[in-house]
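Notes follow once the structure below has been shown.
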Amino acid sequence: MSRSTEWLLAGGVVVGAIAWTRRDARQARSARGQLDPRALSTRVADEAAAANSATAEQIEHARRARVCGDPTLPTFGLPGRWVWPLAMWNGRAPVCSDGWGSARTKPDGKPSIHLGVDLMYRRASRADLAEHFPPGTRGGSRWHVMPADVQALAASAGTVRYAKWTARGFTVVIDHLAPWATYYTHLSMLSVRPGQTVVAGEPIGFVGGDPSKPPHLRHLHFALWRGQWQDAAVNPAPLMASWDVLSAPIRPSRAVA
């Protein structure tokens with residue numbers, strides 16, 4: 001069955017927002033977010049191949065899109081103000097340590113595809129900060145670091161739909177102006193509750209590690225959904241190129257229970 005697709009073209013690379021058919025939507029809901037990685041891989045490749053002048057290199061770039069904030073990728077606007085879900089740390093801006101479309105393995109051994117981006121802070125060199133955040137520990141990988149007690153931030157204003165512990169750590173879903181929602185996971189602690197309204201840059205929790213994957217490297221998994229559930233995930237990297245990076249979290253004017 002065919003799918004209708006809206007294409008936004010720029011520089012030979014494409015950002016696609018796919019409108020799933022009713023049958024696809026029913027199947028996705030019944031699977032409760034358990035998606036076929038082969039179908040997703042085809043979807044990403046098809047989005048890239050639809051660009052009239054796309055080269056093989058551009059198709060691969062669009063397929064993996066590992067670099068967050070790449071100015072060569074096309075962008076389109078979202079309603080309201082949007083910010084990176086991590087603030088500056090010691091003069092360093094957050095970066096993407098792993099991007100959309102990379103191959104993953106679920107805890108049960110089944111293959112999957114990364115439907116978001118992982119955010120950390122980049123080392124200036126392999127030796128940079130190695131004394132405080134050695135590679136292979138909770139605080140550091142080969143090229144990236146994540147200190148303890150870093151706060152995850154709401155990417156835009158909205159209402160918290162979900163905030164509780166899961167097998168991947170504390171997880172938050174925020175509903176923004178329809179049809180957009182954002183998803184945050186691997187948190188070690190929550191700062192919000194379901195039904196609470198938040199503004200862009202407001203703390204929602206503290207960054208932790210994935211409990212299912214030793215050495216439980218601290219990082220924030222962030223996803224953008226053009227719909228209610230994971231099957232509506234889109235690559236956020238091109239959009240994040242135009243988002244603000246805050247110097248510090250925005251403190252709410254009210255107490256958070």
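Simple scheme: letters A, B, ... for chains in structure tokens order, numbers from 1 for residues in each chain, numbers from 1 for ligands in the order shown.
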7 Å contact set for His219 in chain A, only C-alpha atoms, chain neighbours under 5 positions out, as a PyMOL selection string: chain A and resi 118-120+146+207-209
Write out as a tab-separated table the residues of range 122-177 of chain A that have any atom within 12 Å of an atom of range 232-249 of chain A, one row each with the nearest atom pair and its distance in Å to one decimal, counting only C-alpha atoms, sorted by chain and then rising number.
residue	atom	partner	partner_atom	distance
A:Val150	CA	A:Pro249	CA	9.9
A:Gln151	CA	A:Pro249	CA	7.6
A:Ala152	CA	A:Pro249	CA	8.5
A:Leu153	CA	A:Pro249	CA	6.9
A:Ala154	CA	A:Pro249	CA	9.4
A:Ala155	CA	A:Trp243	CA	8.9
A:Ser156	CA	A:Trp243	CA	10.0
Dump as a PDB file, in the first residue's frame, selection limited to N, CA and C atoms:
ATOM      1  N   VAL A 150      23.957  16.793  35.334  1.00  0.00           N
ATOM      2  CA  VAL A 150      23.576  17.682  34.235  1.00  0.00           C
ATOM      3  C   VAL A 150      22.067  17.563  34.026  1.00  0.00           C
ATOM      4  N   GLN A 151      21.396  18.689  33.878  1.00  0.00           N
ATOM      5  CA  GLN A 151      19.942  18.684  33.744  1.00  0.00           C
ATOM      6  C   GLN A 151      19.515  18.592  32.283  1.00  0.00           C
ATOM      7  N   ALA A 152      18.513  17.754  32.028  1.00  0.00           N
ATOM      8  CA  ALA A 152      17.856  17.709  30.725  1.00  0.00           C
ATOM      9  C   ALA A 152      16.779  18.776  30.702  1.00  0.00           C
ATOM     10  N   LEU A 153      16.586  19.405  29.536  1.00  0.00           N
ATOM     11  CA  LEU A 153      15.690  20.548  29.424  1.00  0.00           C
ATOM     12  C   LEU A 153      14.563  20.269  28.435  1.00  0.00           C
ATOM     13  N   ALA A 154      13.416  20.848  28.688  1.00  0.00           N
ATOM     14  CA  ALA A 154      12.320  20.791  27.718  1.00  0.00           C
ATOM     15  C   ALA A 154      12.743  21.548  26.471  1.00  0.00           C
ATOM     16  N   ALA A 155      12.587  20.918  25.305  1.00  0.00           N
ATOM     17  CA  ALA A 155      13.025  21.546  24.065  1.00  0.00           C
ATOM     18  C   ALA A 155      12.098  22.686  23.642  1.00  0.00           C
ATOM     19  N   SER A 156      10.855  22.665  24.084  1.00  0.00           N
ATOM     20  CA  SER A 156       9.903  23.713  23.756  1.00  0.00           C
ATOM     21  C   SER A 156       8.791  23.695  24.793  1.00  0.00           C
TER      22      SER A 156
END
My list of candidates is A:Asn90, A:Gln228, A:Ser125, A:Thr159. Which is closest to Glu202 in chain A when distances are computed with only C-alpha atoms?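 Comparing A:Asn90, A:Gln228, A:Ser125, A:Thr159 against Glu202 in chain A, the winner is A:Thr159.
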Using Å and a single decimal, report how far CA of His114 in chain A sits from CA of Gly99 in chain A.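 Rounded to one decimal, the two atoms are 7.2 Å apart.
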Nearby residues (only C-alpha atoms) at most 7 Å from range 180-193 of chain A, same-chain spacing under 3 positions excluded, as a PyMOL selection string: chain A and resi 160+163+168-177+196+203-210+220-228+256
What is the distance, in Å and to one decimal place, between CA of Leu129 in chain A and CA of His144 in chain A?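 Straight-line distance from CA of Leu129 in chain A to CA of His144 in chain A works out to 9.4 Å.
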Just give me the gap between CA of Tyr121 in chain A and CA of Ala93 in chain A in Å, one decimal is fine. 6.7 Å
For each of A:Gly116, A:Pro179, A:Gly201, A:Pro214, take the minimum atom-to-atom distance to Met88 in chain A, counting only C-alpha atoms, then give the residue where this is smallest.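 Closest to Met88 in chain A of all the choices is A:Gly201.
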According to DSSP computed on the backbone, where in range 97-133 of chain A is there strand (DSSP E)? Give the residues as an MDAnalysis selection string. chainID A and resid 97:98 103:105 111:113 117:122
For the residues in the current selection, export N, CA and C atoms as a PDB file, in the first residue's frame.
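Result file follows (out-v9.pdb):
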ATOM      1  N   SER A  97      26.470  12.740  19.973  1.00  0.00           N
ATOM      2  CA  SER A  97      27.455  11.667  20.060  1.00  0.00           C
ATOM      3  C   SER A  97      27.066  10.472  19.201  1.00  0.00           C
ATOM      4  N   ASP A  98      25.789  10.351  18.878  1.00  0.00           N
ATOM      5  CA  ASP A  98      25.312   9.330  17.951  1.00  0.00           C
ATOM      6  C   ASP A  98      23.989   9.813  17.394  1.00  0.00           C
ATOM      7  N   ALA A 103      22.653   1.751  13.562  1.00  0.00           N
ATOM      8  CA  ALA A 103      22.202   0.403  13.905  1.00  0.00           C
ATOM      9  C   ALA A 103      22.309   0.171  15.405  1.00  0.00           C
ATOM     10  N   ARG A 104      21.309  -0.453  15.972  1.00  0.00           N
ATOM     11  CA  ARG A 104      21.265  -0.766  17.399  1.00  0.00           C
ATOM     12  C   ARG A 104      20.850  -2.212  17.602  1.00  0.00           C
ATOM     13  N   THR A 105      21.060  -2.692  18.834  1.00  0.00           N
ATOM     14  CA  THR A 105      20.590  -4.014  19.234  1.00  0.00           C
ATOM     15  C   THR A 105      19.797  -3.873  20.515  1.00  0.00           C
ATOM     16  N   PRO A 111      17.652  -6.678  16.245  1.00  0.00           N
ATOM     17  CA  PRO A 111      18.194  -5.436  15.679  1.00  0.00           C
ATOM     18  C   PRO A 111      17.166  -4.315  15.733  1.00  0.00           C
ATOM     19  N   SER A 112      17.647  -3.095  15.805  1.00  0.00           N
ATOM     20  CA  SER A 112      16.773  -1.930  15.779  1.00  0.00           C
ATOM     21  C   SER A 112      17.530  -0.772  15.158  1.00  0.00           C
ATOM     22  N   ILE A 113      16.839   0.328  14.983  1.00  0.00           N
ATOM     23  CA  ILE A 113      17.439   1.538  14.414  1.00  0.00           C
ATOM     24  C   ILE A 113      17.222   2.692  15.387  1.00  0.00           C
ATOM     25  N   VAL A 117      18.502  11.137  18.663  1.00  0.00           N
ATOM     26  CA  VAL A 117      19.918  11.500  18.752  1.00  0.00           C
ATOM     27  C   VAL A 117      20.364  11.381  20.201  1.00  0.00           C
ATOM     28  N   ASP A 118      21.631  11.015  20.402  1.00  0.00           N
ATOM     29  CA  ASP A 118      22.234  10.997  21.730  1.00  0.00           C
ATOM     30  C   ASP A 118      23.069  12.255  21.898  1.00  0.00           C
ATOM     31  N   LEU A 119      22.926  12.926  23.039  1.00  0.00           N
ATOM     32  CA  LEU A 119      23.578  14.207  23.269  1.00  0.00           C
ATOM     33  C   LEU A 119      24.560  14.116  24.428  1.00  0.00           C
ATOM     34  N   MET A 120      25.786  14.624  24.196  1.00  0.00           N
ATOM     35  CA  MET A 120      26.834  14.696  25.203  1.00  0.00           C
ATOM     36  C   MET A 120      27.671  15.947  24.928  1.00  0.00           C
ATOM     37  N   TYR A 121      28.860  16.027  25.528  1.00  0.00           N
ATOM     38  CA  TYR A 121      29.808  17.121  25.290  1.00  0.00           C
ATOM     39  C   TYR A 121      31.081  16.528  24.704  1.00  0.00           C
ATOM     40  N   ARG A 122      31.620  17.175  23.677  1.00  0.00           N
ATOM     41  CA  ARG A 122      32.751  16.593  22.945  1.00  0.00           C
ATOM     42  C   ARG A 122      34.083  16.956  23.593  1.00  0.00           C
TER      43      ARG A 122
END
Choose the residue, out of A:Val83, A:Trp89, A:Lys110, A:Ser212, that has the smallest atom-to-atom separation from Ala167 in chain A; count only C-alpha atoms.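 Checking each of A:Val83, A:Trp89, A:Lys110, A:Ser212 against Ala167 in chain A, counting only C-alpha atoms, the winner is A:Ser212.
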